[in-house]
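Before any comments, here is the structure.
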Amino acid sequence: MDYLTVKEVAELKGCSERYIQRLVKNNKITSDQVNNIYNNQPCYMIPVSALSEDLQAKYYAKLKADAGLALELKDDKTVIKQRSKRVQRTFEELLEEERRQVNIWTDILREWQGMRAVYSRKTEFDKLYIGKCQLEHQDMKVSVDILYRKWRAYKDNDIEGLLDGRGGWNRGKSTIPAPVWDAFLWYWLDENKPTVSLCYRSAIMWTTEFYPEFTEDFPNESAFRRQIKRDVSYALKTLMRDGEKAFNDRCVPYIMRMYDKLEANDCWIADNHTLDIISTDGTTKHRLYLTAFLDAKSGVLTGWNITDSPDSQSTILALRHGILRFGAPKAIYVDNGLEFLTFDLGGKGHRERKSDKNKSDPTTILKRLGIEMHNAIVCNAKAKPVERTFCTVKNQFSKLWDGFCGGTILERPESLKRRIKNGDIPCDYEVRKILSAWIDNEYNRQPYGGSEHCFQNMSRIEVWESTITERREVTPDKLNLLMMRSTRSQKIKRNGVYVKIAGEPIWFMHEEQTINNLEKEVFVRYDPADLRTVRIYDENEKFLFEWQNADFLMVDFLEENQQKIADAQEKARSAKKFVKKQAKGIADNLSQEQRISMLDIVIKSAENAEEFEVRKPKMIVPMIVNEEPARLKKAVGAEDYDDDYSELEELRAMNNRLEKAKKGV
């Protein structure tokens, strides 16, 4: 095996010795470490086989030149570059265009050999056949050398040799070093979306800093562009440069919902949409909101409400509108907005907190109506088809108005400011009236656009009518009761019960019923559109009372109308009189003799009680004292007593008898 020194390899490559030493130290060139025969110092010896094919060819060409052997010349150019050995593929692995080329050359070679066998002067015939091929195949380059080379490949079953390898012999291979390509991707796969040119210049500076050996033959910018198309997948590019949302919308597989088992009114989908129309109520300019329910089966807009702000009350009004027109659905599908996840509408859903578990919530409106509520997965807006409906509303309705403002700044007309300044914008009542007419007479009668092909020639309303099998209806009066809003559990106070509207409490009471049920836990149901009365229910949702608005108790701090103050005071006095009347009637059923105080009844009972005697038990245990009692002094007026104290002796004798009885003596 031939070995070269670091100096010889540097001269052969045309670079510095330090650069070759760095390649050896980084194990990018295989080498053997030996001792120098002149100074006995370790040095690197590089085998010729470890060099690239170009350097090997250059080395052996130099040896031939030093030996006086002439180089093989062709077209006065030295051939020192050899192509890498091609990987053989089967005919099935070829591309369609490559298979076409193989078939054409196979036909040409067979025809050439068949006609050539007839001629005695075969070289003259080859020239004639080349002219024939050039006329028949003007898009192909054909010469005698090419013909012979293709024939050799045909005999050797070399399919790759029959292909036109110009510009494609190194297809799929890159001249970009792996570290440089990684650095380039680090810059290019950024959410700021830098250009390829900017990342290319940054990659050059990065390579100069960390891999200076690669700067000599640094690939051009087009090589990076080609490798981006070849190696960087669309999904990776979308995720890194466009963001996770774009990646989810364009690349992630989506769930295809099947509507075959669904019927009309089985499920309504609800959502809010900001109308792309600037309108006015006479004083302010704003954009209205559309709260809508969409039938999942047919795509019909069943109920809607147009409001200044999307809230839970707008949702209830839209649902009521839809139930009165099409009947009640079996279920609704909503997102996780506050306008849907309200404790008295359908429950808190995903928004429920730990603190809410201890609160007593009333029966929800949806539960009273027998409607199930399903919530979309958080941050999964594409799960609601109603979004496509709102796009239709924008394109077919909102764009018809002079007040159209667009959903984005790019859609905003240039003349919008002038129209607003000149007052050429619609009024709110016009938008409400025309939108309702457009939904029923235009949108619901448009062709069905769902995924079920059996309904392709029908309108949306025709699909609803053909698939409805059961319609749950309720009268308007009963529906009003079922859809009343409800407060959480509260205690009846002195002023009755309250309902908060826009953060302010509104009180309701009845003079007698309120005073008789103070501190009782109740639920309050109310209609925000009619706050004259409320309905009171106990903890078991049993109806108790209907109370009137207690606005007579609300008096301004500096009220000058004395009549209002007098009316409020009269209500307070009437409640007091009612309680006093109840208290006065407590003893009406008692006679004058029966009206006796508790002290008198206790004394009378004590006087009439019989005296009782303290009875002694059968066993009496005397208490033993180990010390002699001290001599007691005579009390004043006491009689003389014996110093021997005979009673003490009797007690001692009795104790001795008890001790003997215990021992059985």
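In the structure tokens, the first chain shown is A, the next is B, and so on; residue numbers restart at 1 for each chain, and ligands run from 1 in the order shown.
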Which residues, written as a ChimeraX atom specification, have at least one atom at most 12 Å from Pro179 in chain A, with only C-alpha atoms counted and residues fewer than 6 positions away on the same chain left out?
/A:185-186,203-204,206-207,210-214
Take the residues that were just selected and, keeping C-alpha atoms, output them as a CSV table (one decimal), in the first residue's frame.
```csv
chain,number,residue,atom,x,y,z
A,185,LEU,CA,-31.6,24.7,8.5
A,186,TRP,CA,-31.1,26.2,12.0
A,203,ALA,CA,-24.3,29.9,6.9
A,204,ILE,CA,-21.1,31.2,5.2
A,206,TRP,CA,-21.0,30.3,10.5
A,207,THR,CA,-18.8,27.9,8.5
A,210,PHE,CA,-16.5,26.7,13.1
A,211,TYR,CA,-15.4,24.8,9.9
A,212,PRO,CA,-12.9,27.0,8.0
A,213,GLU,CA,-11.8,23.9,6.0
A,214,PHE,CA,-15.1,23.9,4.1
```
Please run DSSP on the backbone and report, as an NGL selection string, all residues within range 326-445 of chain A that come out as helix (DSSP H, G or I).
:A and (326 or 349-351 or 354-358 or 365-369 or 381-383 or 386-396 or 398-400 or 416-422 or 428-441 or 443-445)
Those of range 132-370 of chain A in DSSP strand (DSSP E), formatted as a ChimeraX atom specification
/A:267-274,279-280,285-286,289-295,301-307,331-334
Restricting the calculation to only C-alpha atoms, which member of A:Arg488, A:Lys542, A:Lys7, A:Arg152 is positioned closest to Asp361 in chain A?
A:Arg488
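With CA of Lys520 in chain A on one side and CA of Ile492 in chain A on the other, the separation reads 5.5 Å.
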Do you know which residues are at most 10 Å from Val474 in chain A counting only C-alpha atoms, after dropping those on the same chain fewer than 5 positions away, and could you put them as number ranges by chain?
A: 323-324, 327-328, 369, 479-480, 482
Can those selected residues be exported to a file as a compact mmCIF listing (two decimals), in the first residue's frame so that it contains N, CA, C and O atoms?
```
# COMPACT_ATOMS: atom_id res chain seq x y z
N ILE A 323 -86.49 26.83 18.68
CA ILE A 323 -87.46 25.85 19.18
C ILE A 323 -88.87 26.20 18.72
O ILE A 323 -89.66 25.32 18.35
N LEU A 324 -89.22 27.48 18.73
CA LEU A 324 -90.55 27.88 18.28
C LEU A 324 -90.75 27.61 16.80
O LEU A 324 -91.88 27.36 16.35
N GLY A 327 -88.96 23.18 16.56
CA GLY A 327 -89.03 22.22 17.64
C GLY A 327 -87.71 22.13 18.37
O GLY A 327 -86.69 22.68 17.95
N ALA A 328 -87.71 21.43 19.50
CA ALA A 328 -86.52 21.35 20.35
C ALA A 328 -85.57 20.27 19.84
O ALA A 328 -86.01 19.18 19.46
N LEU A 369 -85.37 21.39 29.43
CA LEU A 369 -85.87 21.16 28.07
C LEU A 369 -85.56 19.77 27.55
O LEU A 369 -86.00 19.41 26.45
N LEU A 479 -92.86 27.33 27.14
CA LEU A 479 -91.45 27.52 26.79
C LEU A 479 -90.85 28.67 27.58
O LEU A 479 -89.69 28.62 27.99
N ASN A 480 -91.65 29.73 27.79
CA ASN A 480 -91.16 30.85 28.59
C ASN A 480 -90.83 30.41 30.01
O ASN A 480 -89.83 30.84 30.61
N LEU A 482 -90.00 27.28 30.95
CA LEU A 482 -88.86 26.36 30.92
C LEU A 482 -87.54 27.09 30.69
O LEU A 482 -86.49 26.62 31.13
```
With a distance cut-off of 12 Å and only C-alpha atoms, select the neighbouring residues of range 217-234 of chain A, excluding the residue or stretch itself and same-chain residues fewer than 6 positions from it, and output the selection as a compact mmCIF listing (two decimals) with all heavy atoms, in the first residue's frame.
```txt
# COMPACT_ATOMS: atom_id res chain seq x y z
N CYS A 15 -3.28 22.78 -0.76
CA CYS A 15 -3.68 23.49 0.45
C CYS A 15 -2.50 23.48 1.42
O CYS A 15 -1.40 22.98 1.11
CB CYS A 15 -4.91 22.86 1.09
SG CYS A 15 -4.68 21.15 1.58
N ARG A 171 -27.56 12.68 -9.24
CA ARG A 171 -28.82 13.16 -8.69
C ARG A 171 -29.07 12.52 -7.31
O ARG A 171 -28.90 11.32 -7.13
CB ARG A 171 -29.97 12.81 -9.62
CG ARG A 171 -31.31 13.39 -9.15
CD ARG A 171 -32.43 13.07 -10.12
NE ARG A 171 -32.27 13.82 -11.36
CZ ARG A 171 -32.01 13.27 -12.53
NH1 ARG A 171 -31.86 11.96 -12.62
NH2 ARG A 171 -31.88 14.00 -13.61
N GLY A 172 -29.51 13.33 -6.36
CA GLY A 172 -29.76 12.84 -5.01
C GLY A 172 -28.58 12.99 -4.09
O GLY A 172 -28.69 12.75 -2.89
N LYS A 173 -27.42 13.35 -4.63
CA LYS A 173 -26.23 13.56 -3.81
C LYS A 173 -26.01 15.05 -3.62
O LYS A 173 -26.32 15.85 -4.49
CB LYS A 173 -25.01 12.92 -4.45
CG LYS A 173 -25.13 11.40 -4.60
CD LYS A 173 -23.89 10.81 -5.19
CE LYS A 173 -24.01 9.29 -5.33
NZ LYS A 173 -22.80 8.69 -5.92
N SER A 174 -25.46 15.41 -2.49
CA SER A 174 -25.27 16.82 -2.16
C SER A 174 -23.80 17.10 -1.90
O SER A 174 -23.08 16.27 -1.35
CB SER A 174 -26.09 17.18 -0.92
OG SER A 174 -25.84 18.51 -0.52
N THR A 175 -23.39 18.29 -2.34
CA THR A 175 -22.02 18.74 -2.07
C THR A 175 -21.95 19.58 -0.80
O THR A 175 -20.89 20.09 -0.46
CB THR A 175 -21.51 19.58 -3.25
OG1 THR A 175 -22.38 20.70 -3.44
CG2 THR A 175 -21.46 18.75 -4.53
N ILE A 176 -23.08 19.73 -0.10
CA ILE A 176 -23.12 20.53 1.13
C ILE A 176 -22.71 19.64 2.29
O ILE A 176 -23.35 18.61 2.55
CB ILE A 176 -24.53 21.09 1.36
CG1 ILE A 176 -25.01 21.88 0.15
CG2 ILE A 176 -24.55 21.96 2.61
CD1 ILE A 176 -26.44 22.35 0.26
N PRO A 177 -21.65 19.98 3.03
CA PRO A 177 -21.27 19.19 4.21
C PRO A 177 -22.40 19.16 5.23
O PRO A 177 -23.17 20.11 5.38
CB PRO A 177 -20.04 19.91 4.75
CG PRO A 177 -19.51 20.70 3.58
CD PRO A 177 -20.70 21.08 2.77
N ALA A 178 -22.49 18.04 5.94
CA ALA A 178 -23.58 17.86 6.89
C ALA A 178 -23.64 18.95 7.97
O ALA A 178 -24.73 19.47 8.27
CB ALA A 178 -23.48 16.48 7.54
N VAL A 180 -22.68 22.04 7.81
CA VAL A 180 -23.11 23.29 7.18
C VAL A 180 -24.60 23.25 6.89
O VAL A 180 -25.33 24.23 7.09
CB VAL A 180 -22.30 23.54 5.89
CG1 VAL A 180 -22.78 24.81 5.20
CG2 VAL A 180 -20.81 23.64 6.21
N TRP A 181 -25.09 22.11 6.44
CA TRP A 181 -26.51 21.97 6.14
C TRP A 181 -27.35 22.09 7.42
O TRP A 181 -28.41 22.72 7.43
CB TRP A 181 -26.77 20.64 5.46
CG TRP A 181 -28.21 20.34 5.21
CD1 TRP A 181 -28.95 19.34 5.75
CD2 TRP A 181 -29.10 21.07 4.35
NE1 TRP A 181 -30.24 19.38 5.29
CE2 TRP A 181 -30.36 20.44 4.43
CE3 TRP A 181 -28.96 22.18 3.55
CZ2 TRP A 181 -31.47 20.89 3.71
CZ3 TRP A 181 -30.06 22.63 2.83
CH2 TRP A 181 -31.29 22.00 2.92
N ASP A 182 -26.86 21.52 8.51
CA ASP A 182 -27.57 21.64 9.78
C ASP A 182 -27.64 23.09 10.25
O ASP A 182 -28.67 23.55 10.75
CB ASP A 182 -26.89 20.79 10.85
CG ASP A 182 -27.01 19.30 10.57
OD1 ASP A 182 -27.90 18.92 9.78
OD2 ASP A 182 -26.21 18.52 11.11
N ALA A 183 -26.54 23.82 10.09
CA ALA A 183 -26.53 25.23 10.48
C ALA A 183 -27.47 26.04 9.60
O ALA A 183 -28.18 26.94 10.08
CB ALA A 183 -25.11 25.79 10.40
N PHE A 184 -27.50 25.73 8.31
CA PHE A 184 -28.40 26.44 7.40
C PHE A 184 -29.86 26.21 7.80
O PHE A 184 -30.66 27.15 7.82
CB PHE A 184 -28.15 25.99 5.97
CG PHE A 184 -29.10 26.59 4.97
CD1 PHE A 184 -28.89 27.86 4.47
CD2 PHE A 184 -30.21 25.88 4.55
CE1 PHE A 184 -29.78 28.41 3.56
CE2 PHE A 184 -31.11 26.42 3.65
CZ PHE A 184 -30.88 27.69 3.15
N LEU A 185 -30.20 24.95 8.11
CA LEU A 185 -31.58 24.66 8.52
C LEU A 185 -31.92 25.35 9.83
O LEU A 185 -33.06 25.76 10.06
CB LEU A 185 -31.78 23.15 8.66
CG LEU A 185 -31.83 22.34 7.37
CD1 LEU A 185 -32.06 20.88 7.69
CD2 LEU A 185 -32.91 22.85 6.43
N TRP A 188 -32.85 28.75 8.67
CA TRP A 188 -33.97 28.86 7.74
C TRP A 188 -35.29 28.41 8.35
O TRP A 188 -36.34 29.00 8.08
CB TRP A 188 -33.67 28.03 6.48
CG TRP A 188 -34.67 28.25 5.40
CD1 TRP A 188 -34.84 29.37 4.65
CD2 TRP A 188 -35.67 27.31 4.95
NE1 TRP A 188 -35.87 29.20 3.75
CE2 TRP A 188 -36.39 27.93 3.91
CE3 TRP A 188 -36.00 26.01 5.30
CZ2 TRP A 188 -37.44 27.31 3.25
CZ3 TRP A 188 -37.05 25.39 4.64
CH2 TRP A 188 -37.75 26.02 3.62
N LEU A 189 -35.28 27.38 9.20
CA LEU A 189 -36.51 26.87 9.82
C LEU A 189 -36.82 27.69 11.06
O LEU A 189 -36.76 27.24 12.19
CB LEU A 189 -36.36 25.39 10.17
CG LEU A 189 -36.24 24.43 8.99
CD1 LEU A 189 -36.00 23.02 9.47
CD2 LEU A 189 -37.48 24.51 8.10
N THR A 195 -35.30 34.68 4.40
CA THR A 195 -35.14 34.23 3.02
C THR A 195 -33.96 33.27 2.91
O THR A 195 -33.09 33.21 3.80
CB THR A 195 -34.91 35.43 2.10
OG1 THR A 195 -33.69 36.10 2.49
CG2 THR A 195 -36.08 36.40 2.18
N VAL A 196 -33.92 32.53 1.81
CA VAL A 196 -32.82 31.59 1.58
C VAL A 196 -31.51 32.35 1.44
O VAL A 196 -30.46 31.91 1.94
CB VAL A 196 -33.11 30.73 0.34
CG1 VAL A 196 -31.92 29.83 0.02
CG2 VAL A 196 -34.36 29.90 0.54
N SER A 197 -31.54 33.49 0.77
CA SER A 197 -30.31 34.28 0.56
C SER A 197 -29.73 34.74 1.89
O SER A 197 -28.51 34.68 2.10
CB SER A 197 -30.61 35.48 -0.34
OG SER A 197 -31.07 35.06 -1.60
N LEU A 198 -30.59 35.21 2.80
CA LEU A 198 -30.11 35.66 4.10
C LEU A 198 -29.52 34.50 4.89
O LEU A 198 -28.45 34.62 5.50
CB LEU A 198 -31.25 36.31 4.87
CG LEU A 198 -30.94 36.77 6.30
CD1 LEU A 198 -29.84 37.82 6.29
CD2 LEU A 198 -32.19 37.31 6.98
N CYS A 199 -30.18 33.36 4.87
CA CYS A 199 -29.68 32.18 5.59
C CYS A 199 -28.39 31.66 4.95
O CYS A 199 -27.51 31.15 5.65
CB CYS A 199 -30.74 31.09 5.61
SG CYS A 199 -32.24 31.53 6.50
N TYR A 200 -28.27 31.80 3.63
CA TYR A 200 -27.05 31.36 2.94
C TYR A 200 -25.85 32.18 3.38
O TYR A 200 -24.78 31.65 3.67
CB TYR A 200 -27.26 31.47 1.43
CG TYR A 200 -26.05 31.12 0.60
CD1 TYR A 200 -25.66 29.80 0.43
CD2 TYR A 200 -25.29 32.11 -0.02
CE1 TYR A 200 -24.55 29.47 -0.33
CE2 TYR A 200 -24.19 31.80 -0.78
CZ TYR A 200 -23.82 30.47 -0.94
OH TYR A 200 -22.71 30.15 -1.69
N ARG A 201 -26.04 33.50 3.47
CA ARG A 201 -24.93 34.36 3.91
C ARG A 201 -24.58 34.07 5.37
O ARG A 201 -23.40 34.06 5.75
CB ARG A 201 -25.32 35.83 3.73
CG ARG A 201 -25.43 36.26 2.28
CD ARG A 201 -25.52 37.77 2.15
NE ARG A 201 -26.74 38.30 2.75
CZ ARG A 201 -27.87 38.45 2.08
NH1 ARG A 201 -27.94 38.09 0.80
NH2 ARG A 201 -28.93 38.96 2.67
N SER A 202 -25.61 33.81 6.19
CA SER A 202 -25.35 33.48 7.59
C SER A 202 -24.61 32.15 7.70
O SER A 202 -23.74 31.98 8.57
CB SER A 202 -26.66 33.42 8.37
OG SER A 202 -27.34 34.67 8.33
N ALA A 203 -24.95 31.19 6.84
CA ALA A 203 -24.28 29.89 6.86
C ALA A 203 -22.80 30.03 6.48
O ALA A 203 -21.94 29.31 7.01
CB ALA A 203 -24.98 28.92 5.92
N ILE A 204 -22.50 30.93 5.55
CA ILE A 204 -21.10 31.16 5.18
C ILE A 204 -20.31 31.69 6.37
O ILE A 204 -19.19 31.23 6.67
CB ILE A 204 -21.01 32.14 3.99
CG1 ILE A 204 -21.60 31.50 2.72
CG2 ILE A 204 -19.57 32.57 3.73
CD1 ILE A 204 -21.64 32.43 1.54
N MET A 205 -20.89 32.67 7.08
CA MET A 205 -20.21 33.22 8.25
C MET A 205 -20.07 32.17 9.34
O MET A 205 -19.05 32.10 10.03
CB MET A 205 -20.97 34.45 8.76
CG MET A 205 -20.93 35.64 7.81
SD MET A 205 -21.74 37.11 8.46
CE MET A 205 -23.45 36.66 8.22
N TRP A 206 -21.09 31.34 9.53
CA TRP A 206 -21.02 30.27 10.53
C TRP A 206 -19.93 29.27 10.18
O TRP A 206 -19.19 28.82 11.05
CB TRP A 206 -22.38 29.58 10.60
CG TRP A 206 -22.47 28.52 11.65
CD1 TRP A 206 -22.85 28.66 12.94
CD2 TRP A 206 -22.16 27.13 11.48
NE1 TRP A 206 -22.81 27.47 13.60
CE2 TRP A 206 -22.38 26.49 12.73
CE3 TRP A 206 -21.72 26.36 10.42
CZ2 TRP A 206 -22.18 25.14 12.93
CZ3 TRP A 206 -21.51 25.00 10.61
CH2 TRP A 206 -21.73 24.40 11.84
N THR A 207 -19.82 28.90 8.91
CA THR A 207 -18.81 27.94 8.47
C THR A 207 -17.40 28.51 8.66
O THR A 207 -16.47 27.79 9.06
CB THR A 207 -19.04 27.57 7.00
OG1 THR A 207 -20.38 27.09 6.85
CG2 THR A 207 -18.07 26.49 6.54
N THR A 208 -17.22 29.79 8.38
CA THR A 208 -15.92 30.43 8.57
C THR A 208 -15.49 30.38 10.03
O THR A 208 -14.31 30.24 10.34
CB THR A 208 -15.97 31.89 8.08
OG1 THR A 208 -16.40 31.90 6.72
CG2 THR A 208 -14.60 32.55 8.18
N TYR A 211 -16.00 25.79 10.86
CA TYR A 211 -15.42 24.82 9.92
C TYR A 211 -14.73 25.56 8.77
O TYR A 211 -15.20 25.56 7.64
CB TYR A 211 -16.50 23.88 9.37
CG TYR A 211 -17.04 22.90 10.37
CD1 TYR A 211 -18.16 23.23 11.15
CD2 TYR A 211 -16.45 21.65 10.55
CE1 TYR A 211 -18.66 22.34 12.09
CE2 TYR A 211 -16.96 20.75 11.49
CZ TYR A 211 -18.05 21.10 12.25
OH TYR A 211 -18.55 20.22 13.16
N MET A 240 -42.29 24.59 11.39
CA MET A 240 -41.23 25.46 11.89
C MET A 240 -41.37 26.90 11.41
O MET A 240 -41.09 27.83 12.16
CB MET A 240 -39.87 24.90 11.45
CG MET A 240 -39.59 23.49 11.96
SD MET A 240 -39.64 23.36 13.76
CE MET A 240 -38.23 24.37 14.20
N ARG A 241 -41.83 27.10 10.18
CA ARG A 241 -41.89 28.46 9.63
C ARG A 241 -43.28 29.11 9.77
O ARG A 241 -43.38 30.33 9.92
CB ARG A 241 -41.47 28.45 8.16
CG ARG A 241 -39.99 28.20 7.96
CD ARG A 241 -39.64 28.11 6.48
NE ARG A 241 -39.84 29.34 5.74
CZ ARG A 241 -38.93 30.31 5.59
NH1 ARG A 241 -37.74 30.17 6.18
NH2 ARG A 241 -39.20 31.38 4.90
N ASP A 242 -44.35 28.32 9.72
CA ASP A 242 -45.69 28.88 9.75
C ASP A 242 -46.38 28.72 11.10
O ASP A 242 -47.40 29.36 11.35
CB ASP A 242 -46.56 28.23 8.67
CG ASP A 242 -46.02 28.52 7.27
OD1 ASP A 242 -45.36 29.56 7.10
OD2 ASP A 242 -46.25 27.71 6.36
N ALA A 246 -50.96 26.47 11.80
CA ALA A 246 -50.93 26.17 10.37
C ALA A 246 -50.60 24.70 10.14
O ALA A 246 -51.15 24.06 9.23
CB ALA A 246 -49.91 27.06 9.66
N PHE A 247 -49.73 24.14 10.97
CA PHE A 247 -49.39 22.72 10.86
C PHE A 247 -50.61 21.85 11.13
O PHE A 247 -50.88 20.89 10.40
CB PHE A 247 -48.26 22.39 11.84
CG PHE A 247 -47.90 20.92 11.90
CD1 PHE A 247 -47.15 20.34 10.90
CD2 PHE A 247 -48.33 20.15 12.96
CE1 PHE A 247 -46.82 19.00 10.96
CE2 PHE A 247 -48.02 18.81 13.03
CZ PHE A 247 -47.25 18.23 12.02
N ARG A 250 -53.09 22.20 8.11
CA ARG A 250 -52.69 21.75 6.77
C ARG A 250 -52.14 20.33 6.74
O ARG A 250 -52.24 19.65 5.71
CB ARG A 250 -51.61 22.69 6.21
CG ARG A 250 -52.02 24.15 6.14
CD ARG A 250 -50.84 24.99 5.67
NE ARG A 250 -51.05 26.40 5.93
CZ ARG A 250 -50.09 27.32 5.78
NH1 ARG A 250 -48.88 26.95 5.40
NH2 ARG A 250 -50.34 28.58 6.04
N CYS A 251 -51.55 19.87 7.83
CA CYS A 251 -50.79 18.62 7.79
C CYS A 251 -51.35 17.51 8.66
O CYS A 251 -51.24 16.34 8.30
CB CYS A 251 -49.33 18.89 8.19
SG CYS A 251 -48.52 20.17 7.22
N VAL A 252 -51.91 17.85 9.81
CA VAL A 252 -52.37 16.82 10.74
C VAL A 252 -53.63 16.16 10.19
O VAL A 252 -54.54 16.87 9.71
CB VAL A 252 -52.64 17.43 12.13
CG1 VAL A 252 -53.25 16.40 13.07
CG2 VAL A 252 -51.35 17.97 12.71
```
Of A:Gly449, A:Ala437, A:Lys399, A:Pro362, the one sitting nearest Val524 in chain A when using only C-alpha atoms is A:Pro362
Which residue of A:Val522, A:Leu435, A:Ile409, A:Ile332 approaches Phe543 in chain A most closely, using only C-alpha atoms
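Nearest to Phe543 in chain A: A:Val522.
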CA of Leu400 in chain A to CA of Val300 in chain A: how many Å, to one decimal?
21.6 Å
Might you pull out every residue within 12 Å of His510 in chain A, with only C-alpha atoms counted and same-chain residues fewer than 2 positions away left off, and present them as a PyMOL selection string?
chain A and resi 492-497+507-508+512-518+533-536+545-553+571-572+574-575+578
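For Arg471 in chain A, the non-local neighbours within 12 Å, defined as residues at least 3 positions apart in the same chain or in other chains and counting only C-alpha atoms, are A:Glu263, A:Ala264, A:Asn265, A:Asp266, A:Ile323, A:Leu324, A:Arg325, A:Phe326, A:Gly327, A:Ala328, A:Pro329, A:Lys330, A:Trp464, A:Glu465, A:Thr467, A:Ile468, A:Val474.
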Straight-line distance linking CA of Phe397 in chain A with CA of Trp438 in chain A, stated in Å to one decimal
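Going from CA of Phe397 in chain A over to CA of Trp438 in chain A, I get 7.9 Å.
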